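K.L.:
upload_9.cif (mmCIF, C-alpha atoms and all ligand atoms) pasted underneath:
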```
data_entry
loop_
_atom_site.group_PDB
_atom_site.id
_atom_site.type_symbol
_atom_site.label_atom_id
_atom_site.label_comp_id
_atom_site.auth_asym_id
_atom_site.auth_seq_id
_atom_site.Cartn_x
_atom_site.Cartn_y
_atom_site.Cartn_z
ATOM 1 C CA MET A 11 -45.391 40.290 -11.125
ATOM 2 C CA ASN A 12 -45.751 43.370 -13.308
ATOM 3 C CA LEU A 13 -45.972 42.635 -17.052
ATOM 4 C CA SER A 14 -42.846 44.595 -17.979
ATOM 5 C CA ASN A 15 -40.753 43.402 -15.051
ATOM 6 C CA ALA A 16 -41.435 39.752 -15.838
ATOM 7 C CA LEU A 17 -40.442 40.308 -19.458
ATOM 8 C CA LEU A 18 -37.311 42.329 -18.661
ATOM 9 C CA ARG A 19 -36.144 39.887 -16.008
ATOM 10 C CA TRP A 20 -36.330 37.092 -18.554
ATOM 11 C CA TYR A 21 -34.619 39.281 -21.175
ATOM 12 C CA LYS A 22 -31.732 40.080 -18.838
ATOM 13 C CA LYS A 23 -31.066 36.383 -18.420
ATOM 14 C CA TYR A 24 -31.857 34.997 -21.870
ATOM 15 C CA GLY A 25 -31.846 37.958 -24.270
ATOM 16 C CA ARG A 26 -29.408 37.942 -27.199
ATOM 17 C CA ASP A 27 -26.275 40.025 -26.960
ATOM 18 C CA LEU A 28 -26.380 41.830 -30.315
ATOM 19 C CA PRO A 29 -24.054 44.683 -31.292
ATOM 20 C CA TRP A 30 -26.791 47.097 -32.428
ATOM 21 C CA ARG A 31 -28.433 46.827 -29.007
ATOM 22 C CA LYS A 32 -25.493 48.655 -27.446
ATOM 23 C CA THR A 33 -25.769 51.869 -29.410
ATOM 24 C CA ARG A 34 -28.076 54.851 -29.827
ATOM 25 C CA ASP A 35 -26.320 55.962 -33.010
ATOM 26 C CA PRO A 36 -29.102 56.265 -35.636
ATOM 27 C CA TYR A 37 -26.672 55.297 -38.403
ATOM 28 C CA ARG A 38 -25.769 51.997 -36.768
ATOM 29 C CA ILE A 39 -29.381 51.292 -35.859
ATOM 30 C CA LEU A 40 -30.585 51.968 -39.395
ATOM 31 C CA VAL A 41 -27.855 49.734 -40.850
ATOM 32 C CA SER A 42 -28.948 46.883 -38.573
ATOM 33 C CA GLU A 43 -32.656 47.396 -39.273
ATOM 34 C CA ILE A 44 -32.197 47.400 -43.049
ATOM 35 C CA MET A 45 -29.938 44.351 -42.899
ATOM 36 C CA LEU A 46 -32.406 42.501 -40.669
ATOM 37 C CA GLN A 47 -35.150 42.847 -43.262
ATOM 38 C CA GLN A 48 -35.282 39.349 -44.763
ATOM 39 C CA THR A 49 -31.887 38.214 -43.420
ATOM 40 C CA GLN A 50 -31.294 36.000 -40.377
ATOM 41 C CA VAL A 51 -29.703 37.521 -37.255
ATOM 42 C CA PRO A 52 -26.447 35.435 -37.161
ATOM 43 C CA ARG A 53 -25.699 36.384 -40.750
ATOM 44 C CA VAL A 54 -26.458 40.045 -40.103
ATOM 45 C CA VAL A 55 -24.041 40.090 -37.125
ATOM 46 C CA LEU A 56 -21.159 39.145 -39.459
ATOM 47 C CA PHE A 57 -22.043 41.634 -42.169
ATOM 48 C CA TYR A 58 -22.883 44.433 -39.737
ATOM 49 C CA LYS A 59 -19.349 44.478 -38.295
ATOM 50 C CA LYS A 60 -17.754 44.284 -41.718
ATOM 51 C CA TRP A 61 -19.993 47.035 -43.068
ATOM 52 C CA LEU A 62 -19.191 49.406 -40.196
ATOM 53 C CA LYS A 63 -15.485 48.932 -40.764
ATOM 54 C CA GLU A 64 -15.870 49.937 -44.382
ATOM 55 C CA PHE A 65 -18.564 52.583 -43.891
ATOM 56 C CA PRO A 66 -18.369 53.788 -40.269
ATOM 57 C CA ASN A 67 -20.781 56.712 -40.649
ATOM 58 C CA TRP A 68 -23.250 58.520 -42.915
ATOM 59 C CA LYS A 69 -20.520 60.481 -44.686
ATOM 60 C CA ALA A 70 -18.393 57.440 -45.515
ATOM 61 C CA LEU A 71 -21.411 55.613 -46.897
ATOM 62 C CA ALA A 72 -22.628 58.670 -48.808
ATOM 63 C CA ARG A 73 -19.308 58.705 -50.716
ATOM 64 C CA ALA A 74 -19.578 55.027 -51.746
ATOM 65 C CA SER A 75 -20.148 54.113 -55.395
ATOM 66 C CA ASN A 76 -22.761 51.585 -56.516
ATOM 67 C CA ALA A 77 -20.029 49.006 -57.038
ATOM 68 C CA GLN A 78 -18.590 49.495 -53.534
ATOM 69 C CA VAL A 79 -22.019 49.188 -51.942
ATOM 70 C CA ILE A 80 -22.957 46.100 -53.934
ATOM 71 C CA HIS A 81 -19.612 44.520 -53.126
ATOM 72 C CA ALA A 82 -19.994 45.128 -49.383
ATOM 73 C CA TRP A 83 -23.618 43.959 -49.437
ATOM 74 C CA ALA A 84 -22.856 40.754 -51.382
ATOM 75 C CA GLY A 85 -24.124 37.768 -49.427
ATOM 76 C CA LEU A 86 -26.979 39.570 -47.682
ATOM 77 C CA GLY A 87 -29.348 39.306 -50.646
ATOM 78 C CA TYR A 88 -31.824 41.906 -51.922
ATOM 79 C CA ASN A 89 -29.004 44.240 -53.034
ATOM 80 C CA ARG A 90 -31.395 47.111 -53.562
ATOM 81 C CA ARG A 91 -31.501 47.529 -49.777
ATOM 82 C CA GLY A 92 -27.793 48.439 -49.745
ATOM 83 C CA LEU A 93 -28.194 51.095 -52.421
ATOM 84 C CA MET A 94 -31.253 52.480 -50.668
ATOM 85 C CA LEU A 95 -29.255 52.774 -47.433
ATOM 86 C CA ARG A 96 -26.516 54.633 -49.322
ATOM 87 C CA ASP A 97 -29.111 56.967 -50.868
ATOM 88 C CA ILE A 98 -30.488 57.765 -47.402
ATOM 89 C CA ALA A 99 -26.916 58.492 -46.233
ATOM 90 C CA ARG A 100 -26.459 60.852 -49.198
ATOM 91 C CA GLU A 101 -29.657 62.674 -48.390
ATOM 92 C CA LEU A 102 -28.765 63.033 -44.697
ATOM 93 C CA SER A 103 -25.219 64.170 -45.531
ATOM 94 C CA SER A 104 -26.402 67.002 -47.738
ATOM 95 C CA ILE A 105 -26.054 70.458 -46.242
ATOM 96 C CA LYS A 106 -29.755 71.194 -46.197
ATOM 97 C CA HIS A 107 -30.665 68.058 -44.287
ATOM 98 C CA GLN A 108 -30.421 67.155 -40.611
ATOM 99 C CA ILE A 109 -30.650 63.823 -38.835
ATOM 100 C CA PRO A 110 -34.366 63.461 -37.962
ATOM 101 C CA LYS A 111 -35.346 63.949 -34.340
ATOM 102 C CA THR A 112 -38.821 62.427 -34.598
ATOM 103 C CA GLU A 113 -40.481 59.271 -35.873
ATOM 104 C CA GLU A 114 -42.327 61.371 -38.479
ATOM 105 C CA GLY A 115 -39.005 62.886 -39.586
ATOM 106 C CA TRP A 116 -37.586 59.428 -40.262
ATOM 107 C CA ARG A 117 -40.794 58.427 -41.960
ATOM 108 C CA SER A 118 -40.440 61.283 -44.447
ATOM 109 C CA LEU A 119 -37.252 59.781 -45.908
ATOM 110 C CA LYS A 120 -37.579 57.685 -49.050
ATOM 111 C CA GLY A 121 -37.058 54.008 -48.225
ATOM 112 C CA ILE A 122 -38.034 54.225 -44.554
ATOM 113 C CA GLY A 123 -41.365 52.608 -43.742
ATOM 114 C CA PRO A 124 -43.486 52.746 -40.571
ATOM 115 C CA TYR A 125 -41.718 49.836 -38.876
ATOM 116 C CA THR A 126 -38.184 51.214 -39.436
ATOM 117 C CA ALA A 127 -39.210 54.743 -38.393
ATOM 118 C CA ALA A 128 -40.710 53.353 -35.173
ATOM 119 C CA ALA A 129 -37.557 51.265 -34.550
ATOM 120 C CA LEU A 130 -35.377 54.386 -34.912
ATOM 121 C CA ALA A 131 -37.703 56.316 -32.606
ATOM 122 C CA VAL A 132 -37.480 53.763 -29.818
ATOM 123 C CA PHE A 133 -33.876 52.521 -30.144
ATOM 124 C CA SER A 134 -32.184 55.799 -31.029
ATOM 125 C CA LEU A 135 -34.488 58.559 -29.774
ATOM 126 C CA ARG A 136 -35.697 56.513 -26.772
ATOM 127 C CA LYS A 137 -39.355 57.264 -27.475
ATOM 128 C CA ARG A 138 -42.054 54.994 -26.097
ATOM 129 C CA VAL A 139 -43.024 53.549 -29.454
ATOM 130 C CA LEU A 140 -43.638 49.898 -30.233
ATOM 131 C CA PRO A 141 -42.351 48.919 -33.692
ATOM 132 C CA ILE A 142 -44.582 46.100 -34.916
ATOM 133 C CA ASP A 143 -43.190 43.443 -37.207
ATOM 134 C CA THR A 144 -44.342 39.822 -37.556
ATOM 135 C CA ASN A 145 -42.574 38.694 -34.377
ATOM 136 C CA ILE A 146 -43.726 41.530 -32.157
ATOM 137 C CA ARG A 147 -47.254 41.293 -33.549
ATOM 138 C CA ARG A 148 -47.436 37.620 -32.653
ATOM 139 C CA THR A 149 -46.094 37.937 -29.121
ATOM 140 C CA ALA A 150 -47.558 41.311 -28.102
ATOM 141 C CA GLY A 151 -50.891 40.433 -29.731
ATOM 142 C CA ARG A 152 -51.075 37.254 -27.681
ATOM 143 C CA ILE A 153 -50.036 38.915 -24.425
ATOM 144 C CA LEU A 154 -52.115 42.072 -24.753
ATOM 145 C CA LEU A 155 -55.124 41.041 -26.828
ATOM 146 C CA GLY A 156 -55.326 37.314 -26.115
ATOM 147 C CA LYS A 157 -55.475 36.518 -29.839
ATOM 148 C CA PRO A 158 -53.575 33.284 -30.598
ATOM 149 C CA PHE A 159 -52.725 34.396 -34.141
ATOM 150 C CA PRO A 160 -52.845 38.198 -34.410
ATOM 151 C CA GLN A 161 -53.070 39.776 -37.863
ATOM 152 C CA PRO A 162 -51.833 43.136 -39.269
ATOM 153 C CA ALA A 163 -55.374 44.486 -38.755
ATOM 154 C CA ASP A 164 -54.722 44.128 -34.992
ATOM 155 C CA ASP A 165 -51.695 46.484 -35.006
ATOM 156 C CA ASP A 166 -53.581 49.601 -33.883
ATOM 157 C CA ARG A 167 -55.115 47.742 -30.967
ATOM 158 C CA ILE A 168 -51.722 46.306 -29.998
ATOM 159 C CA ARG A 169 -50.267 49.833 -30.015
ATOM 160 C CA SER A 170 -53.083 51.214 -27.940
ATOM 161 C CA HIS A 171 -52.625 48.451 -25.342
ATOM 162 C CA ALA A 172 -48.811 48.783 -25.322
ATOM 163 C CA SER A 173 -49.000 51.267 -22.440
ATOM 164 C CA ARG A 174 -49.390 48.213 -20.216
ATOM 165 C CA PHE A 175 -45.680 47.625 -20.795
ATOM 166 C CA THR A 176 -44.650 51.061 -19.674
ATOM 167 C CA LEU A 177 -45.716 50.988 -16.022
ATOM 168 C CA ARG A 178 -42.762 51.842 -13.802
ATOM 169 C CA VAL A 179 -40.350 51.042 -16.613
ATOM 170 C CA SER A 180 -37.865 53.642 -17.725
ATOM 171 C CA ARG A 181 -36.152 51.249 -20.116
ATOM 172 C CA PHE A 182 -38.951 51.002 -22.620
ATOM 173 C CA TYR A 183 -36.433 50.532 -25.438
ATOM 174 C CA ASP A 184 -35.682 47.053 -24.037
ATOM 175 C CA ILE A 185 -39.333 45.984 -24.339
ATOM 176 C CA PRO A 186 -39.377 45.524 -28.146
ATOM 177 C CA GLN A 187 -35.999 43.740 -28.019
ATOM 178 C CA ALA A 188 -37.287 41.420 -25.295
ATOM 179 C CA LEU A 189 -40.453 40.738 -27.322
ATOM 180 C CA PHE A 190 -38.296 39.908 -30.376
ATOM 181 C CA ASP A 191 -36.314 37.377 -28.393
ATOM 182 C CA LEU A 192 -39.355 35.889 -26.706
ATOM 183 C CA ALA A 193 -40.991 35.523 -30.134
ATOM 184 C CA THR A 194 -37.918 33.738 -31.480
ATOM 185 C CA LYS A 195 -37.232 31.446 -28.547
ATOM 186 C CA ILE A 196 -40.567 30.679 -26.825
ATOM 187 C CA CYS A 197 -43.577 32.399 -28.343
ATOM 188 C CA THR A 198 -43.188 30.773 -31.725
ATOM 189 C CA LYS A 199 -46.028 29.716 -34.024
ATOM 190 C CA THR A 200 -46.767 26.866 -31.619
ATOM 191 C CA PRO A 201 -45.705 28.527 -28.345
ATOM 192 C CA SER A 202 -44.146 26.846 -25.314
ATOM 193 C CA CYS A 203 -46.328 28.613 -22.758
ATOM 194 C CA VAL A 204 -45.212 26.353 -19.887
ATOM 195 C CA MET A 205 -41.694 27.776 -20.200
ATOM 196 C CA CYS A 206 -42.779 31.369 -20.710
ATOM 197 C CA PRO A 207 -42.190 34.131 -18.159
ATOM 198 C CA MET A 208 -45.433 35.784 -19.300
ATOM 199 C CA ARG A 209 -47.746 32.826 -18.803
ATOM 200 C CA SER A 210 -49.478 34.260 -15.700
ATOM 201 C CA THR A 211 -50.252 37.587 -17.394
ATOM 202 C CA CYS A 212 -50.567 36.682 -21.089
ATOM 203 C CA LEU A 213 -54.214 36.730 -22.192
ATOM 204 C CA ALA A 214 -53.662 33.974 -24.758
ATOM 205 C CA ALA A 215 -51.808 31.613 -22.397
ATOM 206 C CA PRO A 216 -54.952 29.950 -20.924
ATOM 207 C CA LYS A 217 -56.142 29.134 -24.451
ATOM 208 C CA PHE A 218 -52.856 27.536 -25.452
ATOM 209 C CA LEU A 219 -52.336 25.782 -22.113
ATOM 210 C CA SER A 220 -55.807 24.237 -22.201
ATOM 211 C CA GLY A 221 -55.126 22.916 -25.699
ATOM 212 C CA ARG A 222 -58.080 24.858 -27.131
ATOM 213 C CA VAL A 223 -56.067 26.452 -29.928
ATOM 214 C CA ARG A 224 -55.736 24.864 -33.320
ATOM 215 C CA VAL A 225 -52.885 26.158 -35.464
ATOM 216 C CA PRO A 226 -54.399 27.365 -38.760
ATOM 217 C CA LYS A 227 -53.204 25.175 -41.601
ATOM 218 C CA GLN A 228 -52.760 28.076 -43.989
ATOM 219 C CA MET A 229 -50.118 29.956 -42.054
ATOM 220 C CA VAL A 230 -47.413 29.608 -44.650
ATOM 221 C CA LYS A 231 -46.759 32.979 -46.214
ATOM 222 C CA LYS A 232 -47.658 33.197 -49.879
ATOM 223 C CA SER A 233 -44.652 34.058 -51.971
ATOM 224 C CA PHE A 234 -45.023 37.087 -54.221
ATOM 225 C CA GLU A 235 -41.618 36.518 -55.758
ATOM 226 C CA ASN A 236 -41.290 36.191 -59.504
ATOM 227 C CA LYS A 237 -40.274 32.797 -60.752
ATOM 228 C CA HIS A 238 -39.520 31.807 -64.364
ATOM 229 C CA ARG A 239 -41.088 28.721 -65.958
ATOM 230 C CA ASP A 240 -39.605 25.542 -64.556
ATOM 231 C CA LYS A 241 -36.674 27.238 -62.794
ATOM 232 C CA PRO A 242 -36.287 25.893 -59.277
ATOM 233 C CA TYR A 243 -35.531 29.265 -57.618
ATOM 234 C CA PRO A 244 -37.130 32.700 -57.605
ATOM 235 C CA ASP A 245 -35.589 35.377 -59.840
ATOM 236 C CA ARG A 246 -33.821 37.099 -56.945
ATOM 237 C CA ILE A 247 -31.523 34.065 -56.611
ATOM 238 C CA TYR A 248 -30.554 34.334 -60.276
ATOM 239 C CA ARG A 249 -30.076 38.097 -59.988
ATOM 240 C CA GLY A 250 -27.648 37.444 -57.107
ATOM 241 C CA ARG A 251 -25.788 34.973 -59.330
ATOM 242 C CA ILE A 252 -25.688 37.492 -62.206
ATOM 243 C CA LEU A 253 -24.051 40.060 -59.933
ATOM 244 C CA LYS A 254 -21.502 37.561 -58.670
ATOM 245 C CA VAL A 255 -20.555 36.380 -62.172
ATOM 246 C CA VAL A 256 -20.328 39.923 -63.568
ATOM 247 C CA ARG A 257 -18.294 41.085 -60.591
ATOM 248 C CA GLU A 258 -15.822 38.250 -61.139
ATOM 249 C CA SER A 259 -15.499 38.714 -64.892
ATOM 250 C CA ILE A 260 -12.650 41.064 -65.655
ATOM 251 C CA ARG A 261 -13.705 42.260 -69.100
ATOM 252 C CA GLY A 262 -17.424 41.722 -69.011
ATOM 253 C CA ILE A 263 -19.367 38.724 -70.267
ATOM 254 C CA SER A 264 -21.709 37.797 -73.085
ATOM 255 C CA VAL A 265 -25.343 37.128 -72.308
ATOM 256 C CA ASP A 266 -25.143 33.476 -73.409
ATOM 257 C CA THR A 267 -22.137 32.762 -71.219
ATOM 258 C CA LEU A 268 -23.775 34.591 -68.362
ATOM 259 C CA GLY A 269 -26.923 32.481 -68.806
ATOM 260 C CA LEU A 270 -24.981 29.255 -68.526
ATOM 261 C CA LYS A 271 -23.013 30.490 -65.521
ATOM 262 C CA ILE A 272 -26.133 31.316 -63.542
ATOM 263 C CA ASP A 273 -28.003 28.194 -64.619
ATOM 264 C CA PRO A 274 -26.363 25.116 -66.192
ATOM 265 C CA LYS A 275 -29.724 24.294 -67.840
ATOM 266 C CA PHE A 276 -29.948 27.717 -69.496
ATOM 267 C CA ASN A 277 -31.732 27.360 -72.833
ATOM 268 C CA ARG A 278 -30.931 30.093 -75.309
ATOM 269 C CA VAL A 279 -34.305 29.963 -77.054
ATOM 270 C CA GLN A 280 -36.543 29.642 -74.025
ATOM 271 C CA ASP A 281 -34.601 31.585 -71.404
ATOM 272 C CA GLN A 282 -32.944 34.505 -73.158
ATOM 273 C CA THR A 283 -35.891 36.914 -72.853
ATOM 274 C CA TRP A 284 -36.116 36.124 -69.166
ATOM 275 C CA LEU A 285 -32.393 36.784 -68.675
ATOM 276 C CA LEU A 286 -32.439 40.020 -70.683
ATOM 277 C CA HIS A 287 -35.429 41.192 -68.687
ATOM 278 C CA MET A 288 -33.528 40.625 -65.425
ATOM 279 C CA ILE A 289 -30.457 42.400 -66.815
ATOM 280 C CA ASP A 290 -32.551 45.373 -67.949
ATOM 281 C CA ARG A 291 -34.088 45.632 -64.527
ATOM 282 C CA MET A 292 -30.667 45.472 -62.859
ATOM 283 C CA ILE A 293 -29.355 48.211 -65.161
ATOM 284 C CA LYS A 294 -32.379 50.329 -64.269
ATOM 285 C CA ASP A 295 -31.768 49.726 -60.559
ATOM 286 C CA GLY A 296 -28.118 50.751 -60.894
ATOM 287 C CA PHE A 297 -26.560 47.329 -60.279
ATOM 288 C CA LEU A 298 -25.104 46.873 -63.754
ATOM 289 C CA GLU A 299 -23.953 49.085 -66.537
ATOM 290 C CA ARG A 300 -24.066 48.381 -70.252
ATOM 291 C CA LYS A 301 -20.634 48.924 -71.722
ATOM 292 C CA LYS A 302 -21.596 48.468 -75.372
ATOM 293 C CA ALA A 303 -24.708 49.211 -77.374
ATOM 294 C CA ASN A 304 -25.156 45.570 -78.343
ATOM 295 C CA LEU A 305 -27.292 43.944 -75.644
ATOM 296 C CA ILE A 306 -25.599 40.594 -76.070
ATOM 297 C CA ASP A 307 -22.253 42.040 -75.278
ATOM 298 C CA ILE A 308 -20.509 43.266 -72.241
ATOM 299 C CA PHE A 309 -21.930 44.296 -68.905
ATOM 300 C CA LYS A 310 -19.996 45.438 -65.932
ATOM 301 C CA ASN A 311 -20.693 46.751 -62.446
ATOM 302 C CA SER A 312 -21.036 50.502 -62.464
ATOM 303 C CA CYS A 313 -18.393 52.394 -60.485
HETATM 304 S S1 LIG B 401 -47.625 32.629 -22.486
HETATM 305 FE FE1 LIG B 401 -47.594 31.518 -24.386
HETATM 306 S S2 LIG B 401 -48.748 32.761 -25.846
HETATM 307 FE FE2 LIG B 401 -48.260 34.054 -24.091
HETATM 308 S S3 LIG B 401 -46.358 35.090 -24.638
HETATM 309 FE FE3 LIG B 401 -45.800 33.272 -23.530
HETATM 310 S S4 LIG B 401 -45.461 31.684 -25.091
HETATM 311 FE FE4 LIG B 401 -46.604 33.381 -26.030
#
```
Do you think you could lay out the structure here as structure tokens?
P.N.:
Amino acid sequence: MNLSNALLRWYKKYGRDLPWRKTRDPYRILVSEIMLQQTQVPRVVLFYKKWLKEFPNWKALARASNAQVIHAWAGLGYNRRGLMLRDIARELSSIKHQIPKTEEGWRSLKGIGPYTAAALAVFSLRKRVLPIDTNIRRTAGRILLGKPFPQPADDDRIRSHASRFTLRVSRFYDIPQALFDLATKICTKTPSCVMCPMRSTCLAAPKFLSGRVRVPKQMVKKSFENKHRDKPYPDRIYRGRILKVVRESIRGISVDTLGLKIDPKFNRVQDQTWLLHMIDRMIKDGFLERKKANLIDIFKNSC
């Protein structure tokens, strides 16, 4: 069976029914793509629907204040993504700007990287472009190149071989979605090739099926997240807690109280510089606003 047909037949039966797969609206697709960066699909489904109710289009989002965006984004993590999405909406809602009609056009917007631009090109503009993230790299790299553990350096070769998916297929936009789902359900780090619809055409399948592949031990991603001394979590967890506490405090909060609220083991001597550094960064990023000159005084979400 043809490579694409085998994949699409499987996708029709087992693919996930996700709301952003039913639209070509670039706004909705961008919202889903930004939310899906570092957040699991089931969680994104919940927030996506809620977000669209509050901000149904570019214009509605462009009007939103920092506080409204942060409030609606709360629970998704990495709040900067929400503000970046709002900034893109503002740029696209300005008179001089138009919604991009090409992958390069999307790419030229601040905050949109190569993967997101390619995703918009294929899902919204229906171009034959393969957006390559970790999942697609793994599955497409195995099928097309026969490499058991493809690396980012293989992306160009994967793209150049992607035309094998396009034969007699007018629904190319389903190919990346099908590869996502195959990567999540079957073609995982240690793939279940016996259950896979691609096993007769995948170039890596014979290697896995013969047991000749050893999973590299060092496949755990190195974390580049900042972490303070003996704190158990990375800083982003504490920044999320800071936002929550500040949002819930009616008249602002002192730094010491804030420290204890985000970490019961907060030590004024050892941890205050760390906390102030996080607060400064959050003020700079537009998440918080200093209401008084004294640093150890009151902070509140900007409106
Ligand atoms: S045959 Fe195996 S390696 Fe190839 S796509 Fe399927 S699960 Fe992945």
K.L.:
Quick one: contact table of chain A to ligand LIG 401 (chain B), 10 Å max, nearest atom pair and distance in Å to one decimal per residue, counting all atoms listed in the file, chain and number order, as JSON lines?
P.N.:
```
{"residue": "A:Leu17", "atom": "CA", "partner": "B:LIG401", "partner_atom": "S3", "distance": 9.4}
{"residue": "A:Arg148", "atom": "CA", "partner": "B:LIG401", "partner_atom": "FE4", "distance": 7.9}
{"residue": "A:Thr149", "atom": "CA", "partner": "B:LIG401", "partner_atom": "S3", "distance": 5.3}
{"residue": "A:Ala150", "atom": "CA", "partner": "B:LIG401", "partner_atom": "S3", "distance": 7.2}
{"residue": "A:Gly151", "atom": "CA", "partner": "B:LIG401", "partner_atom": "S3", "distance": 8.7}
{"residue": "A:Arg152", "atom": "CA", "partner": "B:LIG401", "partner_atom": "S2", "distance": 5.4}
{"residue": "A:Ile153", "atom": "CA", "partner": "B:LIG401", "partner_atom": "FE2", "distance": 5.2}
{"residue": "A:Leu154", "atom": "CA", "partner": "B:LIG401", "partner_atom": "FE2", "distance": 8.9}
{"residue": "A:Gly156", "atom": "CA", "partner": "B:LIG401", "partner_atom": "S2", "distance": 8.0}
{"residue": "A:Lys157", "atom": "CA", "partner": "B:LIG401", "partner_atom": "S2", "distance": 8.7}
{"residue": "A:Pro158", "atom": "CA", "partner": "B:LIG401", "partner_atom": "S2", "distance": 6.8}
{"residue": "A:Phe159", "atom": "CA", "partner": "B:LIG401", "partner_atom": "S2", "distance": 9.3}
{"residue": "A:Leu189", "atom": "CA", "partner": "B:LIG401", "partner_atom": "S3", "distance": 8.6}
{"residue": "A:Leu192", "atom": "CA", "partner": "B:LIG401", "partner_atom": "S3", "distance": 7.3}
{"residue": "A:Ala193", "atom": "CA", "partner": "B:LIG401", "partner_atom": "FE4", "distance": 7.3}
{"residue": "A:Lys195", "atom": "CA", "partner": "B:LIG401", "partner_atom": "S4", "distance": 8.9}
{"residue": "A:Ile196", "atom": "CA", "partner": "B:LIG401", "partner_atom": "S4", "distance": 5.3}
{"residue": "A:Cys197", "atom": "CA", "partner": "B:LIG401", "partner_atom": "S4", "distance": 3.8}
{"residue": "A:Thr198", "atom": "CA", "partner": "B:LIG401", "partner_atom": "S4", "distance": 7.1}
{"residue": "A:Lys199", "atom": "CA", "partner": "B:LIG401", "partner_atom": "FE4", "distance": 8.8}
{"residue": "A:Thr200", "atom": "CA", "partner": "B:LIG401", "partner_atom": "S4", "distance": 8.2}
{"residue": "A:Pro201", "atom": "CA", "partner": "B:LIG401", "partner_atom": "S4", "distance": 4.5}
{"residue": "A:Ser202", "atom": "CA", "partner": "B:LIG401", "partner_atom": "S4", "distance": 5.0}
{"residue": "A:Cys203", "atom": "CA", "partner": "B:LIG401", "partner_atom": "FE1", "distance": 3.6}
{"residue": "A:Val204", "atom": "CA", "partner": "B:LIG401", "partner_atom": "S1", "distance": 7.2}
{"residue": "A:Met205", "atom": "CA", "partner": "B:LIG401", "partner_atom": "S4", "distance": 7.3}
{"residue": "A:Cys206", "atom": "CA", "partner": "B:LIG401", "partner_atom": "FE3", "distance": 4.5}
{"residue": "A:Pro207", "atom": "CA", "partner": "B:LIG401", "partner_atom": "FE3", "distance": 6.5}
{"residue": "A:Met208", "atom": "CA", "partner": "B:LIG401", "partner_atom": "FE3", "distance": 4.9}
{"residue": "A:Arg209", "atom": "CA", "partner": "B:LIG401", "partner_atom": "S1", "distance": 3.7}
{"residue": "A:Ser210", "atom": "CA", "partner": "B:LIG401", "partner_atom": "S1", "distance": 7.2}
{"residue": "A:Thr211", "atom": "CA", "partner": "B:LIG401", "partner_atom": "S1", "distance": 7.6}
{"residue": "A:Cys212", "atom": "CA", "partner": "B:LIG401", "partner_atom": "FE2", "distance": 4.6}
{"residue": "A:Leu213", "atom": "CA", "partner": "B:LIG401", "partner_atom": "FE2", "distance": 6.8}
{"residue": "A:Ala214", "atom": "CA", "partner": "B:LIG401", "partner_atom": "S2", "distance": 5.2}
{"residue": "A:Ala215", "atom": "CA", "partner": "B:LIG401", "partner_atom": "S1", "distance": 4.3}
{"residue": "A:Pro216", "atom": "CA", "partner": "B:LIG401", "partner_atom": "S1", "distance": 8.0}
{"residue": "A:Lys217", "atom": "CA", "partner": "B:LIG401", "partner_atom": "S2", "distance": 8.4}
{"residue": "A:Phe218", "atom": "CA", "partner": "B:LIG401", "partner_atom": "S2", "distance": 6.7}
{"residue": "A:Leu219", "atom": "CA", "partner": "B:LIG401", "partner_atom": "FE1", "distance": 7.8}
```
K.L.:
If the box runs along x, y and z of the file and leaves 4 Å on each side of region 165-172 of chain A, what are its centre and edge lengths in Å, one decimal, as JSON?
P.N.:
```
{"center_x": -52.0, "center_y": 48.8, "center_z": -30.2, "size_x": 14.3, "size_y": 12.9, "size_z": 17.7}
```
K.L.:
Can you list what the PyMOL selection byres (((chain A and resi 31) around 12) and not hetatm) grabs from this structure, as number ranges by chain?
P.N.:
A: 25-30, 32-36, 38-40, 42-43, 55, 129-130, 132-134, 183-188
K.L.:
Using only C-alpha atoms, find each residue in region 246-278 of chain A having at least one atom no more than 10 Å away from region 78-100 of chain A; report its shortest atom-to-atom pair and that distance in Å (one decimal), rows by chain then rising number, as JSON lines.
P.N.:
```
{"residue": "A:Arg246", "atom": "CA", "partner": "A:Tyr88", "partner_atom": "CA", "distance": 7.2}
{"residue": "A:Ile247", "atom": "CA", "partner": "A:Gly87", "partner_atom": "CA", "distance": 8.2}
{"residue": "A:Arg249", "atom": "CA", "partner": "A:Tyr88", "partner_atom": "CA", "distance": 9.1}
{"residue": "A:Gly250", "atom": "CA", "partner": "A:Gly87", "partner_atom": "CA", "distance": 6.9}
{"residue": "A:Leu253", "atom": "CA", "partner": "A:Ile80", "partner_atom": "CA", "distance": 8.6}
{"residue": "A:Lys254", "atom": "CA", "partner": "A:Ala84", "partner_atom": "CA", "distance": 8.1}
{"residue": "A:Arg257", "atom": "CA", "partner": "A:His81", "partner_atom": "CA", "distance": 8.3}
```
K.L.:
Just the number, please: distance in Å from CA of Phe57 (chain A) to CA of Ser103 (chain A), one decimal.
P.N.:
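According to the coordinates, CA of Phe57 (chain A) and CA of Ser103 (chain A) are separated by 23.0 Å.
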K.L.:
Could you tell me which of A:Arg147, A:Leu102, A:Ser173, A:Pro52 comes closest to Ala72 (chain A) if we count only C-alpha atoms?
P.N.:
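Between A:Arg147, A:Leu102, A:Ser173, A:Pro52, the residue approaching Ala72 (chain A) most closely is A:Leu102.
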K.L.:
Please measure the separation of CA of Pro124 (chain A) and CA of Pro66 (chain A), giving the value in Å to one decimal.
P.N.:
25.1 Å
